[in-house]
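> Structure file work07.pdb, PDB, C-alpha atoms, is pasted below:
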ATOM      1  CA  MET E  47      16.287 -11.784  16.058  1.00  0.00           C
ATOM      2  CA  THR E  48      13.265  -9.548  15.673  1.00  0.00           C
ATOM      3  CA  VAL E  49      11.735  -8.415  12.386  1.00  0.00           C
ATOM      4  CA  ILE E  50       9.247  -5.598  11.937  1.00  0.00           C
ATOM      5  CA  LEU E  51       7.051  -6.476   8.959  1.00  0.00           C
ATOM      6  CA  LEU E  52       5.912  -3.218   7.376  1.00  0.00           C
ATOM      7  CA  ARG E  53       3.271  -3.045   4.706  1.00  0.00           C
ATOM      8  CA  HIS E  54       3.602  -0.230   2.176  1.00  0.00           C
ATOM      9  CA  GLY E  55       1.380   2.828   2.566  1.00  0.00           C
ATOM     10  CA  VAL E  56      -1.832   3.506   0.666  1.00  0.00           C
ATOM     11  CA  SER E  57      -1.160   3.264  -3.068  1.00  0.00           C
ATOM     12  CA  THR E  58      -2.904   4.548  -6.158  1.00  0.00           C
ATOM     13  CA  SER E  59      -4.118   1.009  -6.777  1.00  0.00           C
ATOM     14  CA  ASN E  60      -5.569   0.779  -3.264  1.00  0.00           C
ATOM     15  CA  THR E  61      -7.675   3.878  -3.834  1.00  0.00           C
ATOM     16  CA  ALA E  62      -8.673   2.761  -7.339  1.00  0.00           C
ATOM     17  CA  ARG E  63      -9.774  -0.600  -5.880  1.00  0.00           C
ATOM     18  CA  THR E  64      -7.721  -2.598  -8.353  1.00  0.00           C
ATOM     19  CA  LEU E  65      -5.289  -5.468  -7.820  1.00  0.00           C
ATOM     20  CA  ALA E  66      -1.884  -3.909  -8.398  1.00  0.00           C
ATOM     21  CA  GLY E  67       0.233  -7.027  -8.352  1.00  0.00           C
ATOM     22  CA  ARG E  68       3.559  -6.317 -10.009  1.00  0.00           C
ATOM     23  CA  ALA E  69       2.250  -3.685 -12.425  1.00  0.00           C
ATOM     24  CA  PRO E  70       4.873  -0.928 -12.836  1.00  0.00           C
ATOM     25  CA  GLY E  71       4.397   2.647 -11.723  1.00  0.00           C
ATOM     26  CA  VAL E  72       2.027   2.059  -8.784  1.00  0.00           C
ATOM     27  CA  GLU E  73       2.867   4.993  -6.531  1.00  0.00           C
ATOM     28  CA  LEU E  74       1.939   6.002  -3.014  1.00  0.00           C
ATOM     29  CA  THR E  75      -0.948   8.443  -2.744  1.00  0.00           C
ATOM     30  CA  ASP E  76      -0.518  11.650  -0.756  1.00  0.00           C
ATOM     31  CA  ARG E  77      -1.969   9.743   2.190  1.00  0.00           C
ATOM     32  CA  GLY E  78       0.504   6.915   1.652  1.00  0.00           C
ATOM     33  CA  THR E  79       3.374   9.412   1.657  1.00  0.00           C
ATOM     34  CA  GLU E  80       2.101  10.849   4.944  1.00  0.00           C
ATOM     35  CA  GLN E  81       1.947   7.344   6.372  1.00  0.00           C
ATOM     36  CA  ALA E  82       5.537   6.634   5.319  1.00  0.00           C
ATOM     37  CA  ALA E  83       6.684   9.765   7.140  1.00  0.00           C
ATOM     38  CA  ALA E  84       4.676   8.830  10.236  1.00  0.00           C
ATOM     39  CA  VAL E  85       6.108   5.309  10.249  1.00  0.00           C
ATOM     40  CA  ALA E  86       9.608   6.762   9.999  1.00  0.00           C
ATOM     41  CA  ASP E  87       8.971   9.029  12.978  1.00  0.00           C
ATOM     42  CA  ARG E  88       7.571   6.128  14.946  1.00  0.00           C
ATOM     43  CA  LEU E  89      10.327   3.608  14.205  1.00  0.00           C
ATOM     44  CA  ALA E  90      13.404   5.843  13.990  1.00  0.00           C
ATOM     45  CA  THR E  91      13.781   5.819  17.787  1.00  0.00           C
ATOM     46  CA  LEU E  92      14.364   2.041  17.716  1.00  0.00           C
ATOM     47  CA  PRO E  93      17.789   0.411  17.269  1.00  0.00           C
ATOM     48  CA  ILE E  94      17.010  -0.862  13.773  1.00  0.00           C
ATOM     49  CA  GLU E  95      20.118  -2.112  11.995  1.00  0.00           C
ATOM     50  CA  HIS E  96      18.855  -3.375   8.646  1.00  0.00           C
ATOM     51  CA  ILE E  97      16.049  -2.647   6.186  1.00  0.00           C
ATOM     52  CA  ALA E  98      14.932  -5.087   3.499  1.00  0.00           C
ATOM     53  CA  SER E  99      12.242  -4.251   0.981  1.00  0.00           C
ATOM     54  CA  SER E 100      10.271  -5.524  -1.942  1.00  0.00           C
ATOM     55  CA  PRO E 101      11.773  -3.918  -5.058  1.00  0.00           C
ATOM     56  CA  LEU E 102       8.412  -2.471  -6.117  1.00  0.00           C
ATOM     57  CA  LEU E 103       8.091   1.315  -6.088  1.00  0.00           C
ATOM     58  CA  ARG E 104       5.410   1.584  -3.399  1.00  0.00           C
ATOM     59  CA  CYS E 105       7.595  -0.286  -0.919  1.00  0.00           C
ATOM     60  CA  GLN E 106      10.701   1.700  -1.848  1.00  0.00           C
ATOM     61  CA  ARG E 107       8.786   4.927  -1.246  1.00  0.00           C
ATOM     62  CA  THR E 108       7.496   3.642   2.086  1.00  0.00           C
ATOM     63  CA  VAL E 109      10.896   2.776   3.562  1.00  0.00           C
ATOM     64  CA  ALA E 110      12.782   5.765   2.131  1.00  0.00           C
ATOM     65  CA  PRO E 111      11.989   8.229   4.989  1.00  0.00           C
ATOM     66  CA  LEU E 112      12.942   5.649   7.632  1.00  0.00           C
ATOM     67  CA  ALA E 113      16.141   4.730   5.801  1.00  0.00           C
ATOM     68  CA  ASP E 114      17.081   8.413   5.604  1.00  0.00           C
ATOM     69  CA  LYS E 115      16.534   8.910   9.327  1.00  0.00           C
ATOM     70  CA  LEU E 116      18.574   5.838  10.228  1.00  0.00           C
ATOM     71  CA  GLY E 117      21.291   6.311   7.633  1.00  0.00           C
ATOM     72  CA  LEU E 118      20.676   2.852   6.183  1.00  0.00           C
ATOM     73  CA  GLU E 119      20.591   1.655   2.581  1.00  0.00           C
ATOM     74  CA  PRO E 120      17.546  -0.592   2.012  1.00  0.00           C
ATOM     75  CA  GLU E 121      18.299  -4.009   0.564  1.00  0.00           C
ATOM     76  CA  HIS E 122      15.896  -5.005  -2.220  1.00  0.00           C
ATOM     77  CA  ASP E 123      14.898  -8.646  -1.884  1.00  0.00           C
ATOM     78  CA  GLU E 124      13.034 -10.128  -4.848  1.00  0.00           C
ATOM     79  CA  ARG E 125      11.544 -12.753  -2.549  1.00  0.00           C
ATOM     80  CA  LEU E 126       9.540 -10.040  -0.772  1.00  0.00           C
ATOM     81  CA  ILE E 127       7.932  -8.859  -4.016  1.00  0.00           C
ATOM     82  CA  GLU E 128       4.160  -8.805  -4.441  1.00  0.00           C
ATOM     83  CA  VAL E 129       2.290 -11.910  -5.553  1.00  0.00           C
ATOM     84  CA  ASP E 130       2.407 -12.490  -9.285  1.00  0.00           C
ATOM     85  CA  TYR E 131      -1.348 -12.362  -9.894  1.00  0.00           C
ATOM     86  CA  GLY E 132      -0.882 -13.069 -13.593  1.00  0.00           C
ATOM     87  CA  GLU E 133      -4.069 -12.319 -15.538  1.00  0.00           C
ATOM     88  CA  TRP E 134      -5.673 -10.841 -12.426  1.00  0.00           C
ATOM     89  CA  THR E 135      -3.128  -8.000 -12.340  1.00  0.00           C
ATOM     90  CA  GLY E 136      -4.701  -4.573 -12.684  1.00  0.00           C
ATOM     91  CA  ARG E 137      -8.296  -5.812 -12.653  1.00  0.00           C
ATOM     92  CA  PRO E 138     -10.979  -4.176 -10.482  1.00  0.00           C
ATOM     93  CA  ILE E 139     -11.529  -5.916  -7.154  1.00  0.00           C
ATOM     94  CA  ALA E 140     -15.315  -5.888  -7.684  1.00  0.00           C
ATOM     95  CA  GLU E 141     -14.849  -7.827 -10.923  1.00  0.00           C
ATOM     96  CA  LEU E 142     -12.608 -10.423  -9.293  1.00  0.00           C
ATOM     97  CA  LEU E 143     -15.267 -11.249  -6.710  1.00  0.00           C
ATOM     98  CA  THR E 144     -17.216 -13.050  -9.446  1.00  0.00           C
ATOM     99  CA  GLU E 145     -14.316 -15.320 -10.439  1.00  0.00           C
ATOM    100  CA  PRO E 146     -14.541 -18.991  -9.362  1.00  0.00           C
ATOM    101  CA  LEU E 147     -10.944 -18.763  -8.115  1.00  0.00           C
ATOM    102  CA  TRP E 148     -12.074 -16.148  -5.588  1.00  0.00           C
ATOM    103  CA  LYS E 149     -13.638 -18.854  -3.410  1.00  0.00           C
ATOM    104  CA  VAL E 150     -10.456 -20.912  -3.596  1.00  0.00           C
ATOM    105  CA  VAL E 151      -8.352 -17.929  -2.483  1.00  0.00           C
ATOM    106  CA  GLN E 152     -10.685 -17.428   0.478  1.00  0.00           C
ATOM    107  CA  GLY E 153     -11.071 -21.012   1.649  1.00  0.00           C
ATOM    108  CA  HIS E 154      -8.212 -23.069   0.185  1.00  0.00           C
ATOM    109  CA  ALA E 155      -5.364 -20.612  -0.309  1.00  0.00           C
ATOM    110  CA  SER E 156      -2.744 -23.348  -0.416  1.00  0.00           C
ATOM    111  CA  GLY E 157      -4.350 -24.639  -3.611  1.00  0.00           C
ATOM    112  CA  ALA E 158      -4.805 -21.243  -5.270  1.00  0.00           C
ATOM    113  CA  VAL E 159      -2.721 -20.592  -8.378  1.00  0.00           C
ATOM    114  CA  PHE E 160      -3.415 -17.385 -10.269  1.00  0.00           C
ATOM    115  CA  PRO E 161      -3.869 -17.785 -14.038  1.00  0.00           C
ATOM    116  CA  GLY E 162      -0.579 -16.934 -15.683  1.00  0.00           C
ATOM    117  CA  GLY E 163       0.917 -16.186 -12.251  1.00  0.00           C
ATOM    118  CA  GLU E 164       2.102 -17.986  -9.137  1.00  0.00           C
ATOM    119  CA  GLY E 165       0.466 -19.950  -6.361  1.00  0.00           C
ATOM    120  CA  LEU E 166       0.010 -18.652  -2.836  1.00  0.00           C
ATOM    121  CA  ALA E 167       1.918 -21.666  -1.490  1.00  0.00           C
ATOM    122  CA  GLN E 168       4.906 -20.534  -3.592  1.00  0.00           C
ATOM    123  CA  VAL E 169       4.529 -17.028  -2.185  1.00  0.00           C
ATOM    124  CA  GLN E 170       4.690 -18.259   1.395  1.00  0.00           C
ATOM    125  CA  GLN E 171       7.695 -20.458   0.672  1.00  0.00           C
ATOM    126  CA  ARG E 172       9.767 -17.666  -0.859  1.00  0.00           C
ATOM    127  CA  ALA E 173       8.673 -15.014   1.658  1.00  0.00           C
ATOM    128  CA  VAL E 174       9.431 -17.117   4.734  1.00  0.00           C
ATOM    129  CA  ALA E 175      12.758 -18.132   3.188  1.00  0.00           C
ATOM    130  CA  ALA E 176      13.610 -14.461   2.693  1.00  0.00           C
ATOM    131  CA  ILE E 177      12.942 -13.691   6.350  1.00  0.00           C
ATOM    132  CA  ARG E 178      14.754 -16.709   7.753  1.00  0.00           C
ATOM    133  CA  ASP E 179      17.761 -16.333   5.433  1.00  0.00           C
ATOM    134  CA  THR E 180      18.155 -12.676   6.404  1.00  0.00           C
ATOM    135  CA  GLU E 181      17.769 -13.582  10.071  1.00  0.00           C
ATOM    136  CA  ARG E 182      20.610 -16.095   9.832  1.00  0.00           C
ATOM    137  CA  ARG E 183      22.836 -13.717   7.888  1.00  0.00           C
ATOM    138  CA  LEU E 184      22.367 -10.890  10.370  1.00  0.00           C
ATOM    139  CA  ALA E 185      22.910 -13.232  13.322  1.00  0.00           C
ATOM    140  CA  ASP E 186      26.110 -14.651  11.827  1.00  0.00           C
ATOM    141  CA  LYS E 187      27.446 -11.159  11.149  1.00  0.00           C
ATOM    142  CA  ALA E 188      26.505  -9.530  14.446  1.00  0.00           C
ATOM    143  CA  GLY E 189      26.774 -12.489  16.792  1.00  0.00           C
ATOM    144  CA  ARG E 190      23.781 -11.157  18.740  1.00  0.00           C
ATOM    145  CA  ASP E 191      20.141 -10.228  18.369  1.00  0.00           C
ATOM    146  CA  VAL E 192      19.340  -7.696  15.643  1.00  0.00           C
ATOM    147  CA  LEU E 193      16.196  -5.629  15.115  1.00  0.00           C
ATOM    148  CA  TRP E 194      15.367  -5.112  11.449  1.00  0.00           C
ATOM    149  CA  VAL E 195      12.570  -4.109   9.073  1.00  0.00           C
ATOM    150  CA  ALA E 196      11.121  -5.943   6.077  1.00  0.00           C
ATOM    151  CA  CYS E 197       8.736  -3.923   3.901  1.00  0.00           C
ATOM    152  CA  ALA E 198       6.413  -5.946   1.703  1.00  0.00           C
ATOM    153  CA  HIS E 199       2.810  -6.440   0.577  1.00  0.00           C
ATOM    154  CA  GLY E 200      -0.427  -7.581   2.183  1.00  0.00           C
ATOM    155  CA  ASP E 201      -0.609 -11.211   1.088  1.00  0.00           C
ATOM    156  CA  VAL E 202       3.154 -11.634   1.456  1.00  0.00           C
ATOM    157  CA  ILE E 203       3.119 -10.419   5.062  1.00  0.00           C
ATOM    158  CA  LYS E 204       0.017 -12.455   5.863  1.00  0.00           C
ATOM    159  CA  SER E 205       1.749 -15.606   4.629  1.00  0.00           C
ATOM    160  CA  ILE E 206       4.773 -14.885   6.858  1.00  0.00           C
ATOM    161  CA  LEU E 207       2.535 -14.284   9.864  1.00  0.00           C
ATOM    162  CA  ALA E 208       0.574 -17.473   9.209  1.00  0.00           C
ATOM    163  CA  ASP E 209       3.836 -19.417   9.274  1.00  0.00           C
ATOM    164  CA  ALA E 210       4.966 -17.701  12.486  1.00  0.00           C
ATOM    165  CA  LEU E 211       1.612 -18.378  14.148  1.00  0.00           C
ATOM    166  CA  GLY E 212       1.644 -22.021  13.109  1.00  0.00           C
ATOM    167  CA  LEU E 213      -1.470 -21.549  10.990  1.00  0.00           C
ATOM    168  CA  HIS E 214      -2.109 -23.508   7.828  1.00  0.00           C
ATOM    169  CA  LEU E 215      -1.932 -21.252   4.784  1.00  0.00           C
ATOM    170  CA  ASP E 216      -5.619 -21.978   4.200  1.00  0.00           C
ATOM    171  CA  SER E 217      -6.308 -19.824   7.283  1.00  0.00           C
ATOM    172  CA  PHE E 218      -4.206 -16.824   6.280  1.00  0.00           C
ATOM    173  CA  GLN E 219      -7.256 -14.785   5.268  1.00  0.00           C
ATOM    174  CA  ARG E 220      -8.074 -14.588   8.980  1.00  0.00           C
ATOM    175  CA  ILE E 221      -5.160 -12.166   9.352  1.00  0.00           C
ATOM    176  CA  ALA E 222      -5.645  -8.457   8.608  1.00  0.00           C
ATOM    177  CA  VAL E 223      -2.707  -6.352   7.377  1.00  0.00           C
ATOM    178  CA  GLU E 224      -3.625  -2.743   6.618  1.00  0.00           C
ATOM    179  CA  PRO E 225      -1.578  -0.226   4.611  1.00  0.00           C
ATOM    180  CA  ALA E 226       1.378   1.116   6.621  1.00  0.00           C
ATOM    181  CA  SER E 227       0.717  -1.327   9.465  1.00  0.00           C
ATOM    182  CA  ILE E 228       3.493  -3.080  11.332  1.00  0.00           C
ATOM    183  CA  SER E 229       3.621  -6.644  12.567  1.00  0.00           C
ATOM    184  CA  VAL E 230       6.446  -7.902  14.768  1.00  0.00           C
ATOM    185  CA  VAL E 231       7.859 -11.428  14.861  1.00  0.00           C
ATOM    186  CA  ARG E 232      10.565 -12.569  17.231  1.00  0.00           C
ATOM    187  CA  TYR E 233      12.568 -15.603  16.053  1.00  0.00           C
ATOM    188  CA  SER E 234      14.394 -17.638  18.682  1.00  0.00           C
ATOM    189  CA  PRO E 235      15.943 -21.129  18.831  1.00  0.00           C
ATOM    190  CA  HIS E 236      12.609 -22.310  20.216  1.00  0.00           C
ATOM    191  CA  GLY E 237      10.605 -20.979  17.285  1.00  0.00           C
ATOM    192  CA  PRO E 238       8.850 -17.754  16.278  1.00  0.00           C
ATOM    193  CA  SER E 239       6.531 -15.681  18.438  1.00  0.00           C
ATOM    194  CA  VAL E 240       4.286 -12.883  17.165  1.00  0.00           C
ATOM    195  CA  TRP E 241       4.475  -9.782  19.348  1.00  0.00           C
ATOM    196  CA  LYS E 242       2.251  -7.504  17.262  1.00  0.00           C
ATOM    197  CA  PHE E 243       0.247  -7.619  14.063  1.00  0.00           C
ATOM    198  CA  ASN E 244      -1.660  -5.071  11.975  1.00  0.00           C
ATOM    199  CA  ASP E 245      -0.594  -2.305  14.362  1.00  0.00           C
ATOM    200  CA  THR E 246      -1.195   1.158  12.924  1.00  0.00           C
ATOM    201  CA  GLY E 247      -1.020   3.114  16.157  1.00  0.00           C
ATOM    202  CA  ALA E 248      -4.421   4.510  15.245  1.00  0.00           C
ATOM    203  CA  ASP E 249      -7.819   4.534  16.923  1.00  0.00           C
ATOM    204  CA  LEU E 250     -10.137   1.532  16.760  1.00  0.00           C
ATOM    205  CA  SER E 251     -13.168   3.260  15.273  1.00  0.00           C
ATOM    206  CA  ALA E 252     -13.159   0.827  12.339  1.00  0.00           C
ATOM    207  CA  LEU E 253     -14.209  -1.897  14.763  1.00  0.00           C
ATOM    208  CA  SER E 254     -17.535  -0.192  15.551  1.00  0.00           C
ATOM    209  CA  GLY E 255     -18.973  -0.421  12.046  1.00  0.00           C
ATOM    210  CA  GLY E 256     -20.696  -3.792  12.355  1.00  0.00           C
ATOM    211  CA  THR E 257     -19.685  -7.019  10.647  1.00  0.00           C
ATOM    212  CA  PRO E 258     -17.005  -6.316   8.030  1.00  0.00           C
ATOM    213  CA  PRO E 259     -16.828  -8.092   4.663  1.00  0.00           C
ATOM    214  CA  PRO E 260     -14.091 -10.711   4.164  1.00  0.00           C
ATOM    215  CA  PRO E 261     -10.541  -9.670   3.209  1.00  0.00           C
ATOM    216  CA  LEU E 262      -9.920  -8.956  -0.465  1.00  0.00           C
ATOM    217  CA  PRO E 263      -7.244 -10.324  -2.796  1.00  0.00           C
ATOM    218  CA  GLY E 264      -3.944  -8.602  -2.241  1.00  0.00           C
ATOM    219  CA  GLY E 265      -4.478  -8.403   1.502  1.00  0.00           C
ATOM    220  CA  GLU E 266      -6.873  -5.465   1.403  1.00  0.00           C
ATOM    221  CA  VAL E 267      -9.017  -4.779   4.446  1.00  0.00           C
ATOM    222  CA  PRO E 268     -12.348  -3.415   3.153  1.00  0.00           C
ATOM    223  CA  GLY E 269     -12.971   0.180   4.116  1.00  0.00           C
ATOM    224  CA  THR E 270      -9.471   0.886   5.454  1.00  0.00           C
ATOM    225  CA  ALA E 271      -7.613   2.267   2.436  1.00  0.00           C
ATOM    226  CA  SER E 272      -7.025   5.493   4.350  1.00  0.00           C
ATOM    227  CA  ALA E 273      -5.788   3.810   7.526  1.00  0.00           C
ATOM    228  CA  ASP E 274      -3.931   6.201   9.800  1.00  0.00           C
ATOM    229  CA  ASN E 275      -0.525   5.559  11.228  1.00  0.00           C
ATOM    230  CA  GLY E 276       1.033   7.490  14.058  1.00  0.00           C
ATOM    231  CA  ASN E 277      -1.170  10.578  13.983  1.00  0.00           C
ATOM    232  CA  VAL E 278      -2.668   9.905  17.390  1.00  0.00           C
ATOM    233  CA  ARG E 279      -0.949   9.191  20.662  1.00  0.00           C
ATOM    234  CA  ARG E 280       0.454   5.695  20.634  1.00  0.00           C
ATOM    235  CA  ARG E 281      -1.281   3.154  22.815  1.00  0.00           C
ATOM    236  CA  ASP E 282       1.900   1.190  23.403  1.00  0.00           C
ATOM    237  CA  SER E 283       5.448   0.816  22.188  1.00  0.00           C
ATOM    238  CA  LEU E 284       7.659  -1.884  20.767  1.00  0.00           C
TER
END
Show me this structure written as structure tokens.


Amino acid sequence: MTVILLRHGVSTSNTARTLAGRAPGVELTDRGTEQAAAVADRLATLPIEHIASSPLLRCQRTVAPLADKLGLEPEHDERLIEVDYGEWTGRPIAELLTEPLWKVVQGHASGAVFPGGEGLAQVQQRAVAAIRDTERRLADKAGRDVLWVACAHGDVIKSILADALGLHLDSFQRIAVEPASISVVRYSPHGPSVWKFNDTGADLSALSGGTPPPPLPGGEVPGTASADNGNVRRRDSL
């Protein structure tokens, strides 16, 4: 079974540099809408048989063009929803950098619990369970390998990838997941293998800007809120 982990496109919260969390009404920007269309064009040629999504609006908007092209009805899975950041929800990223918990999120994620929200260890547990449960259900129904898509959020996808890579959750900040990027995990009886991660199909110019700052809460990659997806010739294919 192979899952394509898709992060939602650029949102209004991404451009405002705030931590959206589960706040209602966070939409895709015009750029995010373009990314969703580009992702649909890129993935619609693949034999995708199922789409699961976080129920939040920005993920629904991201998978809608792909679902339309494939004639599939996305399944909303509450376990793929964004982290409940509690009292951090909606706050400016720059302000959060001064919080003592910031250092815990960066270096000891497994021990990080957001005030009035959930812990990152809980997030990983529910997100991985969502992927593995869906894998088993699709396998039981089809009796063969199935290619499917799960659309979620930065920290959620990073926690799934950390599990697939055999990394401790405390190391998940080493993984970058940009808006509208895809990561691919193949699950077999011998365990998971990661085929791709943070793939936007774009150029690599962001790598020439010197030493980047560390990842931000919510899975943000500093300086990449306008990440492209599919607007240049693809370097490779799935």

> Run through the PyMOL selection byres ((chain E and resi 129) around 10) on the given coordinates and return the selected residues as a compact mmCIF listing (two decimals) with C-alpha atoms, in the frame of the given file.


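This went into selection.txt:
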# COMPACT_ATOMS: atom_id res chain seq x y z
CA ALA E 66 -1.88 -3.91 -8.40
CA GLY E 67 0.23 -7.03 -8.35
CA ARG E 68 3.56 -6.32 -10.01
CA ARG E 125 11.54 -12.75 -2.55
CA LEU E 126 9.54 -10.04 -0.77
CA ILE E 127 7.93 -8.86 -4.02
CA GLU E 128 4.16 -8.80 -4.44
CA ASP E 130 2.41 -12.49 -9.28
CA TYR E 131 -1.35 -12.36 -9.89
CA GLY E 132 -0.88 -13.07 -13.59
CA THR E 135 -3.13 -8.00 -12.34
CA PHE E 160 -3.42 -17.39 -10.27
CA GLY E 163 0.92 -16.19 -12.25
CA GLU E 164 2.10 -17.99 -9.14
CA GLY E 165 0.47 -19.95 -6.36
CA LEU E 166 0.01 -18.65 -2.84
CA GLN E 168 4.91 -20.53 -3.59
CA VAL E 169 4.53 -17.03 -2.18
CA GLN E 170 4.69 -18.26 1.40
CA HIS E 199 2.81 -6.44 0.58
CA GLY E 200 -0.43 -7.58 2.18
CA ASP E 201 -0.61 -11.21 1.09
CA VAL E 202 3.15 -11.63 1.46
CA GLY E 264 -3.94 -8.60 -2.24

> Assuming 6 Å of padding per side, give the centre and edge lengths of the axis-aligned box around every listed atom of range 57-73 of chain E, in Å to one decimal and as lines of an AutoDock Vina configuration file.


center_x = -2.5
center_y = -1.0
center_z = -8.0
size_x = 26.6
size_y = 24.0
size_z = 21.8

> Check the smallest atom-to-atom distance from each of E:Pro225, E:Arg232, E:Pro120, E:His214 to Glu80 in chain E using all atoms listed in the file, then report the winner.

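Among the listed residues, E:Pro225 lies closest to Glu80 in chain E.
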
> Report, in Å with one decimal, the straight-line distance from CA of Glu145 in chain E to CA of Gln219 in chain E.

17.2 Å

> Anything within 12 Å of (0.2, -6.7, 14.8): list those residues as a PyMOL selection string, counting all atoms listed in the file and sticking to the file's coordinates.

chain E and resi 49-53+203-204+207+211+221-224+226-231+239-247+282-284

> Find the distance between CA of Pro93 in chain E and CA of Gly55 in chain E and write it in Å to one decimal.

22.2 Å

> From (22.6, 2.9, 9.5), in the file's coordinates, out to 10 Å: which residues are reached, counting all atoms listed in the file? Answer as a list in words.

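Residues found, by chain and rising number: Pro93, Ile94, Glu95, His96, Ile97, Ala113, Asp114, Lys115, Leu116, Gly117, Leu118, Glu119 and Pro120 of chain E.
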
> Calculated over only C-alpha atoms, which of the candidates E:Val85, E:Ala90, E:Val150, E:Ile139 has the smallest distance to Arg63 in chain E?

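Closest candidate: E:Ile139.
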
> Just want the 10 Å neighbourhood of His54 in chain E, counted on only C-alpha atoms, with same-chain residues fewer than 4 positions away dropped. Output as a PDB file with C-alpha atoms, in the coordinates of the input.


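Output contents, as saved in out_31.pdb:
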ATOM      1  CA  LEU E  74       1.939   6.002  -3.014  1.00  0.00           C
ATOM      2  CA  GLY E  78       0.504   6.915   1.652  1.00  0.00           C
ATOM      3  CA  THR E  79       3.374   9.412   1.657  1.00  0.00           C
ATOM      4  CA  GLN E  81       1.947   7.344   6.372  1.00  0.00           C
ATOM      5  CA  ALA E  82       5.537   6.634   5.319  1.00  0.00           C
ATOM      6  CA  SER E  99      12.242  -4.251   0.981  1.00  0.00           C
ATOM      7  CA  SER E 100      10.271  -5.524  -1.942  1.00  0.00           C
ATOM      8  CA  LEU E 102       8.412  -2.471  -6.117  1.00  0.00           C
ATOM      9  CA  LEU E 103       8.091   1.315  -6.088  1.00  0.00           C
ATOM     10  CA  ARG E 104       5.410   1.584  -3.399  1.00  0.00           C
ATOM     11  CA  CYS E 105       7.595  -0.286  -0.919  1.00  0.00           C
ATOM     12  CA  GLN E 106      10.701   1.700  -1.848  1.00  0.00           C
ATOM     13  CA  ARG E 107       8.786   4.927  -1.246  1.00  0.00           C
ATOM     14  CA  THR E 108       7.496   3.642   2.086  1.00  0.00           C
ATOM     15  CA  VAL E 109      10.896   2.776   3.562  1.00  0.00           C
ATOM     16  CA  CYS E 197       8.736  -3.923   3.901  1.00  0.00           C
ATOM     17  CA  ALA E 198       6.413  -5.946   1.703  1.00  0.00           C
ATOM     18  CA  HIS E 199       2.810  -6.440   0.577  1.00  0.00           C
ATOM     19  CA  GLY E 200      -0.427  -7.581   2.183  1.00  0.00           C
ATOM     20  CA  GLU E 224      -3.625  -2.743   6.618  1.00  0.00           C
ATOM     21  CA  PRO E 225      -1.578  -0.226   4.611  1.00  0.00           C
ATOM     22  CA  ALA E 226       1.378   1.116   6.621  1.00  0.00           C
ATOM     23  CA  SER E 227       0.717  -1.327   9.465  1.00  0.00           C
ATOM     24  CA  ILE E 228       3.493  -3.080  11.332  1.00  0.00           C
TER      25      ILE E 228
END

> Report the distance between CA of Ala110 in chain E and CA of Asp186 in chain E in Å, rounded to one decimal place.

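Going from CA of Ala110 in chain E over to CA of Asp186 in chain E, I get 26.2 Å.
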
> If the PyMOL selection byres ((chain E and resi 174) around 9) were run on this exact file, what residues would it hold? Put them as an MDAnalysis selection string.

chainID E and resid 125:126 169:173 175:179 202 205:206 209:210

> Please save C-alpha atoms of the selected residues as a PDB file, in the coordinates of the input.


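Contents of again-v2.pdb, freshly written:
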ATOM      1  CA  ARG E 125      11.544 -12.753  -2.549  1.00  0.00           C
ATOM      2  CA  LEU E 126       9.540 -10.040  -0.772  1.00  0.00           C
ATOM      3  CA  VAL E 169       4.529 -17.028  -2.185  1.00  0.00           C
ATOM      4  CA  GLN E 170       4.690 -18.259   1.395  1.00  0.00           C
ATOM      5  CA  GLN E 171       7.695 -20.458   0.672  1.00  0.00           C
ATOM      6  CA  ARG E 172       9.767 -17.666  -0.859  1.00  0.00           C
ATOM      7  CA  ALA E 173       8.673 -15.014   1.658  1.00  0.00           C
ATOM      8  CA  ALA E 175      12.758 -18.132   3.188  1.00  0.00           C
ATOM      9  CA  ALA E 176      13.610 -14.461   2.693  1.00  0.00           C
ATOM     10  CA  ILE E 177      12.942 -13.691   6.350  1.00  0.00           C
ATOM     11  CA  ARG E 178      14.754 -16.709   7.753  1.00  0.00           C
ATOM     12  CA  ASP E 179      17.761 -16.333   5.433  1.00  0.00           C
ATOM     13  CA  VAL E 202       3.154 -11.634   1.456  1.00  0.00           C
ATOM     14  CA  SER E 205       1.749 -15.606   4.629  1.00  0.00           C
ATOM     15  CA  ILE E 206       4.773 -14.885   6.858  1.00  0.00           C
ATOM     16  CA  ASP E 209       3.836 -19.417   9.274  1.00  0.00           C
ATOM     17  CA  ALA E 210       4.966 -17.701  12.486  1.00  0.00           C
TER      18      ALA E 210
END

> Step by step, work through what the PyMOL selection byres ((chain E and resi 148) around 12) selects in the shown file, and finish by giving those residues as a PyMOL selection string.

chain E and resi 134+139-147+149-155+157-161+219+260-264
